[in-house]
Structures are given as C-alpha cells and as structure tokens.
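Undergrad: The following file, work_32.cif, comprises mmCIF, C-alpha atoms:
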```
data_run
loop_
_atom_site.label_atom_id
_atom_site.label_comp_id
_atom_site.auth_asym_id
_atom_site.auth_seq_id
_atom_site.Cartn_x
_atom_site.Cartn_y
_atom_site.Cartn_z
CA MET A 4 -26.23 -0.47 32.50
CA THR A 5 -26.77 1.34 29.21
CA THR A 6 -28.32 4.63 28.33
CA THR A 7 -30.10 5.78 25.21
CA PRO A 8 -28.41 8.83 23.71
CA SER A 9 -30.55 11.70 22.61
CA ILE A 10 -30.60 11.88 18.82
CA PRO A 11 -30.47 15.53 17.63
CA PRO A 12 -33.67 16.52 15.81
CA ARG A 13 -33.64 17.04 12.05
CA LEU A 14 -34.05 20.66 10.98
CA ASN A 15 -35.29 22.34 7.81
CA GLU A 16 -32.46 24.73 7.00
CA PRO A 17 -31.21 23.72 3.52
CA GLY A 18 -28.99 26.80 3.16
CA ARG A 19 -26.96 25.88 6.22
CA GLY A 20 -26.92 22.23 5.17
CA ILE A 21 -25.51 23.07 1.73
CA LEU A 22 -22.90 25.35 3.31
CA CYS A 23 -21.81 22.59 5.71
CA ALA A 24 -21.61 20.01 2.91
CA ASN A 25 -19.51 22.24 0.66
CA GLY A 26 -17.23 23.14 3.56
CA ALA A 27 -16.72 19.47 4.42
CA MET A 28 -15.92 18.55 0.80
CA ALA A 29 -13.41 21.40 0.50
CA ILE A 30 -11.64 20.29 3.69
CA PHE A 31 -11.59 16.63 2.65
CA ALA A 32 -10.08 17.53 -0.75
CA THR A 33 -7.46 19.72 0.92
CA GLN A 34 -6.60 16.85 3.25
CA GLU A 35 -6.08 14.57 0.25
CA VAL A 36 -3.64 17.05 -1.31
CA VAL A 37 -1.61 17.06 1.91
CA PHE A 38 -1.60 13.24 2.10
CA LYS A 39 -0.50 12.93 -1.54
CA TRP A 40 2.25 15.47 -1.00
CA LEU A 41 3.53 13.87 2.23
CA SER A 42 3.21 10.28 0.96
CA THR A 43 6.56 10.64 -0.82
CA ASP A 44 8.31 10.86 2.59
CA TYR A 45 6.03 8.96 4.96
CA SER A 46 4.05 5.73 5.02
CA ILE A 47 0.30 6.03 4.51
CA LEU A 48 -0.11 4.20 7.83
CA GLN A 49 1.91 6.88 9.64
CA LEU A 50 -0.10 9.66 7.97
CA VAL A 51 -3.38 7.96 8.93
CA PHE A 52 -2.16 7.58 12.53
CA MET A 53 -1.11 11.23 12.84
CA ARG A 54 -4.26 12.50 11.17
CA THR A 55 -6.46 10.33 13.41
CA TRP A 56 -4.65 11.34 16.60
CA PHE A 57 -5.29 15.04 16.03
CA ALA A 58 -8.79 14.49 14.59
CA LEU A 59 -9.76 12.95 17.93
CA ILE A 60 -9.49 16.40 19.56
CA PRO A 61 -12.42 18.11 17.74
CA ILE A 62 -14.37 14.83 17.64
CA THR A 63 -14.11 14.53 21.44
CA PHE A 64 -15.26 18.14 21.74
CA PHE A 65 -18.34 17.43 19.62
CA LEU A 66 -18.98 14.28 21.64
CA MET A 67 -19.00 16.30 24.87
CA ARG A 68 -21.49 18.70 23.31
CA ALA A 69 -23.71 15.78 22.31
CA GLY A 70 -23.99 14.50 25.89
CA GLY A 71 -20.57 13.55 27.19
CA PRO A 72 -19.11 10.16 28.17
CA ARG A 73 -22.48 8.79 29.29
CA ILE A 74 -23.67 8.40 25.69
CA LEU A 75 -20.75 6.05 24.99
CA LEU A 76 -22.51 3.32 27.00
CA THR A 77 -24.16 1.13 24.40
CA ARG A 78 -25.16 -2.41 23.48
CA GLN A 79 -23.80 -1.92 19.97
CA TYR A 80 -20.07 -2.38 20.75
CA PRO A 81 -19.53 -5.29 18.30
CA TRP A 82 -21.09 -3.37 15.41
CA LEU A 83 -19.29 -0.15 16.28
CA LEU A 84 -15.93 -1.90 16.52
CA LEU A 85 -16.55 -3.78 13.26
CA ARG A 86 -17.48 -0.53 11.58
CA GLY A 87 -14.24 0.99 12.87
CA VAL A 88 -12.07 -1.80 11.46
CA ILE A 89 -13.82 -1.78 8.08
CA GLY A 90 -13.71 2.02 8.02
CA PHE A 91 -9.97 1.91 8.65
CA GLY A 92 -9.56 -0.39 5.65
CA ALA A 93 -11.56 2.03 3.51
CA PHE A 94 -9.49 4.97 4.76
CA TYR A 95 -6.15 3.24 4.19
CA THR A 96 -6.96 2.00 0.68
CA PHE A 97 -8.37 5.41 -0.28
CA PHE A 98 -5.21 7.29 0.64
CA SER A 99 -3.08 4.56 -0.91
CA ALA A 100 -4.95 5.24 -4.15
CA ILE A 101 -4.43 8.99 -3.67
CA ALA A 102 -0.68 8.42 -3.46
CA LEU A 103 -0.68 6.52 -6.78
CA MET A 104 -3.31 8.24 -8.94
CA PRO A 105 -4.58 11.72 -9.85
CA LEU A 106 -6.98 13.10 -7.25
CA ALA A 107 -9.87 13.50 -9.69
CA ASP A 108 -9.60 9.87 -10.86
CA VAL A 109 -9.71 8.50 -7.31
CA SER A 110 -12.59 10.77 -6.36
CA ALA A 111 -14.62 9.71 -9.41
CA ILE A 112 -14.07 6.00 -8.75
CA THR A 113 -14.91 6.12 -5.04
CA PHE A 114 -18.15 7.97 -5.66
CA VAL A 115 -19.56 4.64 -6.77
CA SER A 116 -20.07 3.98 -3.03
CA PRO A 117 -23.71 5.23 -2.87
CA LEU A 118 -24.54 2.80 -5.67
CA ILE A 119 -22.95 -0.11 -3.81
CA VAL A 120 -24.73 0.90 -0.60
CA THR A 121 -28.07 0.85 -2.40
CA ALA A 122 -27.33 -2.59 -3.87
CA LEU A 123 -26.20 -3.97 -0.49
CA SER A 124 -29.29 -2.63 1.25
CA VAL A 125 -31.38 -5.33 -0.47
CA PRO A 126 -29.74 -8.49 0.98
CA VAL A 127 -28.42 -6.92 4.21
CA LEU A 128 -31.14 -4.47 5.30
CA ARG A 129 -34.04 -6.12 3.45
CA GLU A 130 -34.86 -2.85 1.72
CA LYS A 131 -36.77 -2.81 -1.55
CA VAL A 132 -35.03 -1.29 -4.55
CA GLY A 133 -37.19 -0.62 -7.59
CA VAL A 134 -36.35 -0.69 -11.28
CA HIS A 135 -35.48 3.03 -11.29
CA ARG A 136 -32.70 2.66 -8.75
CA TRP A 137 -31.41 -0.61 -10.23
CA THR A 138 -31.15 1.20 -13.58
CA ALA A 139 -29.25 4.05 -11.92
CA ILE A 140 -26.89 1.53 -10.28
CA ALA A 141 -26.20 -0.06 -13.67
CA VAL A 142 -25.52 3.35 -15.26
CA GLY A 143 -23.17 4.26 -12.42
CA PHE A 144 -21.16 1.07 -12.81
CA VAL A 145 -20.89 1.70 -16.55
CA GLY A 146 -19.43 5.09 -15.62
CA VAL A 147 -16.84 3.40 -13.39
CA LEU A 148 -15.86 1.02 -16.22
CA ILE A 149 -15.39 4.01 -18.52
CA ILE A 150 -13.07 5.60 -15.94
CA LEU A 151 -11.11 2.42 -15.29
CA ARG A 152 -10.92 1.11 -18.87
CA PRO A 153 -9.99 -2.46 -17.81
CA GLY A 154 -7.34 -3.97 -20.04
CA SER A 155 -5.88 -0.61 -21.04
CA ASP A 156 -2.64 0.97 -19.86
CA ALA A 157 -4.69 3.35 -17.70
CA PHE A 158 -5.75 0.50 -15.39
CA GLN A 159 -3.34 0.24 -12.45
CA ILE A 160 -2.97 -0.88 -8.85
CA GLY A 161 -4.17 2.54 -7.65
CA ALA A 162 -7.53 1.90 -9.32
CA LEU A 163 -7.85 -1.38 -7.39
CA PHE A 164 -7.15 0.49 -4.15
CA ALA A 165 -9.85 3.03 -5.05
CA LEU A 166 -12.37 0.27 -5.82
CA ALA A 167 -11.49 -1.54 -2.59
CA SER A 168 -12.00 1.69 -0.67
CA ALA A 169 -15.41 2.24 -2.26
CA ALA A 170 -16.48 -1.33 -1.42
CA LEU A 171 -15.27 -1.16 2.20
CA TYR A 172 -16.80 2.27 2.72
CA SER A 173 -20.11 0.95 1.41
CA VAL A 174 -20.12 -1.91 3.93
CA SER A 175 -19.28 0.60 6.65
CA ALA A 176 -22.15 2.84 5.53
CA VAL A 177 -24.60 -0.07 5.60
CA ILE A 178 -23.57 -0.76 9.21
CA VAL A 179 -24.15 2.90 10.07
CA ARG A 180 -27.54 2.81 8.37
CA SER A 181 -28.47 -0.27 10.43
CA LEU A 182 -27.54 1.67 13.59
CA SER A 183 -29.64 4.67 12.55
CA GLY A 184 -31.94 5.76 15.35
CA ARG A 185 -30.06 3.69 17.94
CA GLU A 186 -26.82 5.65 18.18
CA ALA A 187 -26.01 9.35 17.94
CA SER A 188 -23.68 10.33 15.11
CA ALA A 189 -21.08 11.58 17.59
CA VAL A 190 -20.90 8.11 19.17
CA VAL A 191 -20.38 6.34 15.85
CA VAL A 192 -17.69 8.82 14.75
CA PHE A 193 -15.91 8.64 18.12
CA TYR A 194 -15.69 4.83 18.19
CA THR A 195 -14.63 4.74 14.53
CA THR A 196 -11.85 7.25 15.19
CA CYS A 197 -10.65 5.29 18.22
CA MET A 198 -10.44 2.10 16.14
CA PHE A 199 -8.46 3.98 13.47
CA LEU A 200 -6.06 5.05 16.21
CA VAL A 201 -5.70 1.57 17.70
CA VAL A 202 -5.15 -0.23 14.37
CA SER A 203 -2.80 2.33 12.83
CA GLY A 204 -0.98 2.85 16.14
CA SER A 205 -0.22 -0.85 16.51
CA LEU A 206 1.58 -0.78 13.14
CA GLN A 207 3.74 2.29 13.79
CA PRO A 208 6.89 0.41 14.95
CA ARG A 209 7.17 -1.00 11.42
CA VAL A 210 6.65 2.22 9.47
CA TRP A 211 7.47 5.21 11.69
CA THR A 212 9.77 7.94 10.37
CA ASP A 213 10.66 10.84 12.67
CA PRO A 214 9.11 13.94 11.06
CA PRO A 215 10.50 17.47 11.46
CA TRP A 216 8.39 19.91 13.46
CA HIS A 217 6.93 21.63 10.37
CA ASP A 218 5.63 18.31 9.02
CA VAL A 219 4.13 17.52 12.42
CA ALA A 220 2.36 20.90 12.31
CA ILE A 221 0.95 20.12 8.86
CA MET A 222 -0.23 16.67 10.00
CA ALA A 223 -1.81 18.21 13.11
CA LEU A 224 -3.75 20.77 11.08
CA THR A 225 -4.87 18.05 8.69
CA GLY A 226 -6.23 15.99 11.58
CA LEU A 227 -7.91 18.92 13.33
CA PHE A 228 -9.66 20.11 10.19
CA GLY A 229 -10.50 16.52 9.23
CA GLY A 230 -12.39 16.13 12.51
CA VAL A 231 -14.23 19.39 11.85
CA ALA A 232 -15.14 18.20 8.33
CA GLN A 233 -16.68 15.01 9.71
CA PHE A 234 -18.82 17.11 12.05
CA LEU A 235 -19.84 19.48 9.21
CA LEU A 236 -20.96 16.59 7.03
CA THR A 237 -23.00 15.13 9.88
CA GLN A 238 -24.61 18.53 10.45
CA ALA A 239 -25.35 18.94 6.75
CA TYR A 240 -27.63 15.88 6.77
CA ARG A 241 -29.25 17.17 9.93
CA PHE A 242 -30.06 20.56 8.40
CA ALA A 243 -31.49 19.26 5.11
CA PRO A 244 -32.78 16.05 3.45
CA VAL A 245 -30.50 13.64 1.60
CA SER A 246 -31.99 14.69 -1.76
CA ILE A 247 -30.71 18.25 -1.22
CA ILE A 248 -27.31 17.46 0.31
CA ALA A 249 -26.21 14.43 -1.73
CA PRO A 250 -25.63 16.32 -5.03
CA PHE A 251 -23.34 18.75 -3.20
CA ASP A 252 -21.19 15.84 -2.02
CA TYR A 253 -20.06 15.65 -5.63
CA SER A 254 -18.47 19.08 -5.31
CA HIS A 255 -15.60 16.99 -3.94
CA ILE A 256 -14.77 15.98 -7.52
CA LEU A 257 -14.56 19.65 -8.53
CA TRP A 258 -12.20 20.40 -5.65
CA ALA A 259 -10.11 17.33 -6.43
CA THR A 260 -9.87 18.28 -10.11
CA MET A 261 -8.87 21.85 -9.29
CA TYR A 262 -6.25 20.80 -6.72
CA GLY A 263 -4.90 18.10 -9.03
CA TYR A 264 -4.41 20.63 -11.83
CA VAL A 265 -2.98 23.47 -9.72
CA VAL A 266 -0.75 21.45 -7.37
CA PHE A 267 0.19 18.34 -9.36
CA ALA A 268 -0.49 19.44 -12.98
CA ASP A 269 -2.93 16.53 -13.44
CA VAL A 270 -5.49 16.99 -16.22
CA PRO A 271 -8.36 14.46 -16.16
CA GLY A 272 -8.85 12.60 -19.42
CA THR A 273 -12.05 12.48 -21.43
CA SER A 274 -12.93 9.02 -20.13
CA VAL A 275 -12.65 10.24 -16.52
CA LEU A 276 -14.92 13.22 -17.20
CA ILE A 277 -17.56 11.11 -18.98
CA GLY A 278 -17.46 8.33 -16.40
CA ALA A 279 -17.58 10.78 -13.48
CA ALA A 280 -20.62 12.48 -15.00
CA LEU A 281 -22.45 9.13 -15.22
CA VAL A 282 -21.50 8.18 -11.65
CA MET A 283 -22.61 11.55 -10.25
CA ALA A 284 -25.88 11.50 -12.20
CA ALA A 285 -26.66 7.97 -11.00
CA GLY A 286 -25.88 8.83 -7.38
CA ALA A 287 -27.97 11.99 -7.43
CA TYR A 288 -30.89 10.11 -9.01
CA ILE A 289 -30.74 7.39 -6.36
CA ALA A 290 -30.81 10.06 -3.62
CA HIS A 291 -33.86 11.56 -5.33
CA ARG A 292 -35.65 8.22 -5.56
CA GLU A 293 -34.88 7.37 -1.92
CA THR A 294 -36.43 10.67 -0.87
CA ILE A 295 -39.58 9.87 -2.85
CA LYS A 296 -39.70 6.41 -1.21
CA ARG A 297 -39.53 7.91 2.28
CA LYS A 298 -42.36 10.33 1.50
CA THR A 299 -44.60 7.59 0.14
CA PRO A 300 -46.81 6.03 2.88
#
```
Write the structure described by the file as structure tokens, please.
TA:
Amino acid sequence: MTTTPSIPPRLNEPGRGILCANGAMAIFATQEVVFKWLSTDYSILQLVFMRTWFALIPITFFLMRAGGPRILLTRQYPWLLLRGVIGFGAFYTFFSAIALMPLADVSAITFVSPLIVTALSVPVLREKVGVHRWTAIAVGFVGVLIILRPGSDAFQIGALFALASAALYSVSAVIVRSLSGREASAVVVFYTTCMFLVVSGSLQPRVWTDPPWHDVAIMALTGLFGGVAQFLLTQAYRFAPVSIIAPFDYSHILWATMYGYVVFADVPGTSVLIGAALVMAAGAYIAHRETIKRKTP
C-alpha cells in the first residue's frame, strides 16, 4: 500500500527565499574548502561517506517534520534509486575536480548544468524550448569553452571531472523534475542520501584511513551543515519563484572565488572570469524565460 505525501504549498516570500539561497551557497562553498583541504590526506570516497553519514541526521529530522516514515512509501522506488546512483556520481566527480582545480574554476564549469537540463528537457520530458533559450544554451556553452580552453595547458583531468559532474547532475535534475508533484522534496533528498551512503560505504574497505578525532569532528560538521544547506535550498524555491532564486545560486561562484583566494591563494584568470560571466548570464536568462513560459496560458 502506498500513500501520497503532502507537498508543501509554495509561498510568496522572496526575502526569505533569497536569504535561504545565499545561506545554502555559503555553506556549500565552505564544504568544498574543507573537502579540498582534507583531500590531501583522505580519499574523496571516504570524505563523501563521512559527509553523507552525518548529513543524514538533519535530513532525517526534516523528513520527520514533512510527515515521517509514512511518506517514504512510494511507487517511484526505481526512479529514486536511479537518481541516487547518478547523484552519487555527480557528487564524487565534483569533489574530485575540487581536489585538482581552483574552486572558482570548478564552480564556473559546473554551473553549465541548468543549460544541460534545459537541453535534456526536450527529448526526455517533451518540453518545448524556444529560440531564446536555445540561444542562451549556445552562449553558455561558449562560456564553458572559454573557461576550459581545450588544447591549451589549462585543460586538465580536473576539468573533465567537473564536466562529468555537470552532466550527471543534469540527468539527476531531469529525474527530479519528472517526479515533481509526485514526491515531496524531503523524500527525494532522503533516498538520494541513503544511496550515497550505500554506494560510498561499500567502497570503504578499499580506501579507509583512520582519521584523528579532530578530523572526524570537521567531517561531522561538514555533513551536518551540508544537510542543512540542502534543506535551505529546497526552502528557497518554496518561498520564491525560480526567476528570483536562480540568479542567487550564482553567489556560489563569488564564495568559491573568495575562499580560493584567501585559503589557497588561487586567482581566477581572465578566461575564467569571462566564461563564468557568460555561463551565469545564460543560466539567469533561461530561468527568466522559463518563468515567462509558466505564466503564459
């Protein structure tokens, strides 16, 4: 027997939505700094496992607030499990890129995801994408090419990890979009987190390194705040429309640039700044056009 979870109503509180989005981006960027710092001593798989284990605590709390275990009963298990596996791949490749490249570069590359999602929505979700959004997608991909500079010395394996993460995240997002209205956000996040835990946990015998207690504390805080950030981002899109929240997602690049400079002395090059500007502009324009589409009868 299955039950239909109650989907929280959308609200019209843009101020709170913007605050939640900025808070989530700040936490995500801080988490990336910690991963990059710890990646010199621990495998990315171990860091993902520890982060996921502790993130499950706040995520379970939010699940209980959303309705408790009863809302976990669903007919969408195959899609939820598939989304979890693909999401794990996106997560792993993203933090692998973080370990190899400056934070701002990785952030700029992976923000091509909204463009890929829009392109995938045509064959997968049968959505119609007009000339305006196709033009924005093309501009965004030009921005990515400017950042990557294929054939130059700047192109490296870390960039491939970042691109793979963006592609996998986009597929994951399309699955979530297809589940929209059928599953509460808390359910999707809970199953995704559980799959992260299962996949990364099964690989620990090969990569595990016993961490001292202070590193465990840092990993625990990273996971706890990571779970809170996921909830904040979900709430942001509940408080305000995509057209308002999406541009503030790009504050992540500002945080990543600041952290990269202060902590790792990384200064983004001109090509990264120009390419990131094109990617952000394209993504914001697509969010604007999608809002217009939804308002049009």
Undergrad: To test your reading of the syntax: which residues would the PyMOL selection byres ((chain A and resi 224-227) around 8) return for the file shown? Reply as an MDAnalysis selection string.
TA: chainID A and resid 34 37 53:61 220:223 228:231
Undergrad: In the coordinates of the file, take the point (9.2, 14.0, 13.9) and a cut-off of 12 Å; then, counting only C-alpha atoms, name each qualifying protein, DNA or RNA residue as number ranges by chain.
TA: A: 44-45, 49-50, 53, 211-223
Undergrad: Store the residues of this selection in a file with C-alpha atoms, as a short mmCIF file (atom, residue, chain, number, x, y, z; two decimals), in the frame of the given file.
TA:
```
data_model
loop_
_atom_site.label_atom_id
_atom_site.label_comp_id
_atom_site.auth_asym_id
_atom_site.auth_seq_id
_atom_site.Cartn_x
_atom_site.Cartn_y
_atom_site.Cartn_z
CA ASP A 44 8.31 10.86 2.59
CA TYR A 45 6.03 8.96 4.96
CA GLN A 49 1.91 6.88 9.64
CA LEU A 50 -0.10 9.66 7.97
CA MET A 53 -1.11 11.23 12.84
CA TRP A 211 7.47 5.21 11.69
CA THR A 212 9.77 7.94 10.37
CA ASP A 213 10.66 10.84 12.67
CA PRO A 214 9.11 13.94 11.06
CA PRO A 215 10.50 17.47 11.46
CA TRP A 216 8.39 19.91 13.46
CA HIS A 217 6.93 21.63 10.37
CA ASP A 218 5.63 18.31 9.02
CA VAL A 219 4.13 17.52 12.42
CA ALA A 220 2.36 20.90 12.31
CA ILE A 221 0.95 20.12 8.86
CA MET A 222 -0.23 16.67 10.00
CA ALA A 223 -1.81 18.21 13.11
#
```
Undergrad: Kindly resolve the PyMOL selection byres ((chain A and resi 94-101) around 8) on the present coordinates and return the residues as a PDB file with C-alpha atoms, keeping the file's coordinate frame.
TA:
```
ATOM      1  CA  GLU A  35      -6.080  14.570   0.250  1.00  0.00           C
ATOM      2  CA  PHE A  38      -1.600  13.240   2.100  1.00  0.00           C
ATOM      3  CA  LYS A  39      -0.500  12.930  -1.540  1.00  0.00           C
ATOM      4  CA  ILE A  47       0.300   6.030   4.510  1.00  0.00           C
ATOM      5  CA  LEU A  48      -0.110   4.200   7.830  1.00  0.00           C
ATOM      6  CA  VAL A  51      -3.380   7.960   8.930  1.00  0.00           C
ATOM      7  CA  GLY A  90     -13.710   2.020   8.020  1.00  0.00           C
ATOM      8  CA  PHE A  91      -9.970   1.910   8.650  1.00  0.00           C
ATOM      9  CA  GLY A  92      -9.560  -0.390   5.650  1.00  0.00           C
ATOM     10  CA  ALA A  93     -11.560   2.030   3.510  1.00  0.00           C
ATOM     11  CA  ALA A 102      -0.680   8.420  -3.460  1.00  0.00           C
ATOM     12  CA  LEU A 103      -0.680   6.520  -6.780  1.00  0.00           C
ATOM     13  CA  MET A 104      -3.310   8.240  -8.940  1.00  0.00           C
ATOM     14  CA  PRO A 105      -4.580  11.720  -9.850  1.00  0.00           C
ATOM     15  CA  LEU A 106      -6.980  13.100  -7.250  1.00  0.00           C
ATOM     16  CA  VAL A 109      -9.710   8.500  -7.310  1.00  0.00           C
ATOM     17  CA  ILE A 160      -2.970  -0.880  -8.850  1.00  0.00           C
ATOM     18  CA  GLY A 161      -4.170   2.540  -7.650  1.00  0.00           C
ATOM     19  CA  ALA A 162      -7.530   1.900  -9.320  1.00  0.00           C
ATOM     20  CA  LEU A 163      -7.850  -1.380  -7.390  1.00  0.00           C
ATOM     21  CA  PHE A 164      -7.150   0.490  -4.150  1.00  0.00           C
ATOM     22  CA  ALA A 165      -9.850   3.030  -5.050  1.00  0.00           C
ATOM     23  CA  ALA A 167     -11.490  -1.540  -2.590  1.00  0.00           C
ATOM     24  CA  SER A 168     -12.000   1.690  -0.670  1.00  0.00           C
ATOM     25  CA  ALA A 169     -15.410   2.240  -2.260  1.00  0.00           C
TER      26      ALA A 169
END
```
Undergrad: Write out as a Markdown table a residue-level contact list of region 102-188 of chain A versus region 259-281 of chain A with cut-off 6 Å: for each qualifying residue the closest pair of atoms and the distance in Å to one decimal, counting all atoms listed in the file, rows sorted by chain and residue number upward.
TA:
```
| residue | atom | partner | partner_atom | distance |
| --- | --- | --- | --- | --- |
| A:Leu106 | CA | A:Ala259 | CA | 5.3 |
| A:Ala107 | CA | A:Thr260 | CA | 4.8 |
| A:Ala111 | CA | A:Ala279 | CA | 5.1 |
| A:Gly143 | CA | A:Leu281 | CA | 5.7 |
| A:Gly146 | CA | A:Gly278 | CA | 3.9 |
| A:Val147 | CA | A:Gly278 | CA | 5.8 |
| A:Ile149 | CA | A:Gly278 | CA | 5.2 |
| A:Ile150 | CA | A:Val275 | CA | 4.7 |
```
Undergrad: Quick one: distance from CA of Thr121 (chain A) to CA of Leu66 (chain A) in Å, one decimal?
TA: 29.0 Å
Undergrad: For Phe31 (chain A), which of A:Val145, A:Val191, A:Ala284, A:Ile256 is the closest residue, counting only C-alpha atoms?
TA: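 Among A:Val145, A:Val191, A:Ala284, A:Ile256, it is A:Ile256 that comes nearest to Phe31 (chain A).
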Undergrad: Phe193 (chain A): which residues within 12 Å, counting all atoms listed in the file, same-chain residues fewer than 6 positions away excluded, as an MDAnalysis selection string?
TA: chainID A and resid 55:56 58:67 69 71:72 74:75 83:84 86:87 186:187 199:200 230 233:234
Undergrad: Please enclose the listed atoms of region 175-185 of chain A in an axis-aligned box, pad each side by 8 Å, and write out the centre and the three edge lengths in Å, rounded to one decimal, as lines of an AutoDock Vina configuration file.
TA:
```
center_x = -25.6
center_y = 2.5
center_z = 11.7
size_x = 28.7
size_y = 22.5
size_z = 28.4
```
Undergrad: Exactly which residues make up the result of the PyMOL selection byres ((chain A and resi 135) around 12) on this file, given as a ChimeraX atom specification?
TA: /A:121,131-134,136-142,285-286,288-293,295-296
Undergrad: With distances taken over all atoms listed in the file, which residue among A:Ser188, A:Thr196, A:Ala24, A:Val125 lies nearest Ile89 (chain A)?
TA: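 Closest candidate: A:Thr196.
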Undergrad: Return the single residue from A:Ala232, A:Ile247, A:Leu166, A:Ala189 that is closest to Ala27 (chain A), with distances computed using all atoms listed in the file.
TA: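 The closest residue to Ala27 (chain A) is A:Ala232.
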Undergrad: Between CA of Ala239 (chain A) and CA of Ile21 (chain A), measure the distance and give it in Å to one decimal.
TA: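 Between CA of Ala239 (chain A) and CA of Ile21 (chain A) the gap is 6.5 Å.
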Undergrad: Please report the interatomic distance between CA of Leu148 (chain A) and CA of Pro126 (chain A) in Å with one decimal.
TA: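 Rounded to one decimal, the two atoms are 24.1 Å apart.
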Undergrad: Out of A:Arg19, A:Leu76, A:Leu151, A:Met283, which residue has the shortest atom-to-atom distance to Leu257 (chain A) when counting all atoms listed in the file?
TA: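 So, comparing all the options, the nearest one is A:Met283.
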Undergrad: Might you pull out every residue within 12 Å of Glu16 (chain A), with only C-alpha atoms counted and same-chain residues fewer than 6 positions away left off, and present them as a list in words?
TA: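 Close residues of Glu16 (chain A): Leu22, Cys23, Gln238, Ala239, Tyr240, Arg241, Phe242, Ala243, Pro244, Ile247 and Ile248 of chain A.
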Undergrad: Between A:Tyr172, A:Tyr80, A:Phe144, A:Phe251, which one has atoms that come closest to Ser116 (chain A), using all atoms listed in the file?
TA: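 Looking at the shortest contact to Ser116 (chain A), the residue is A:Tyr172.
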Undergrad: Taking into account only C-alpha atoms, which residue in the set A:Val192, A:Val177, A:Arg129, A:Phe52 is nearest to Ser205 (chain A)?
TA: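 Closest candidate: A:Phe52.
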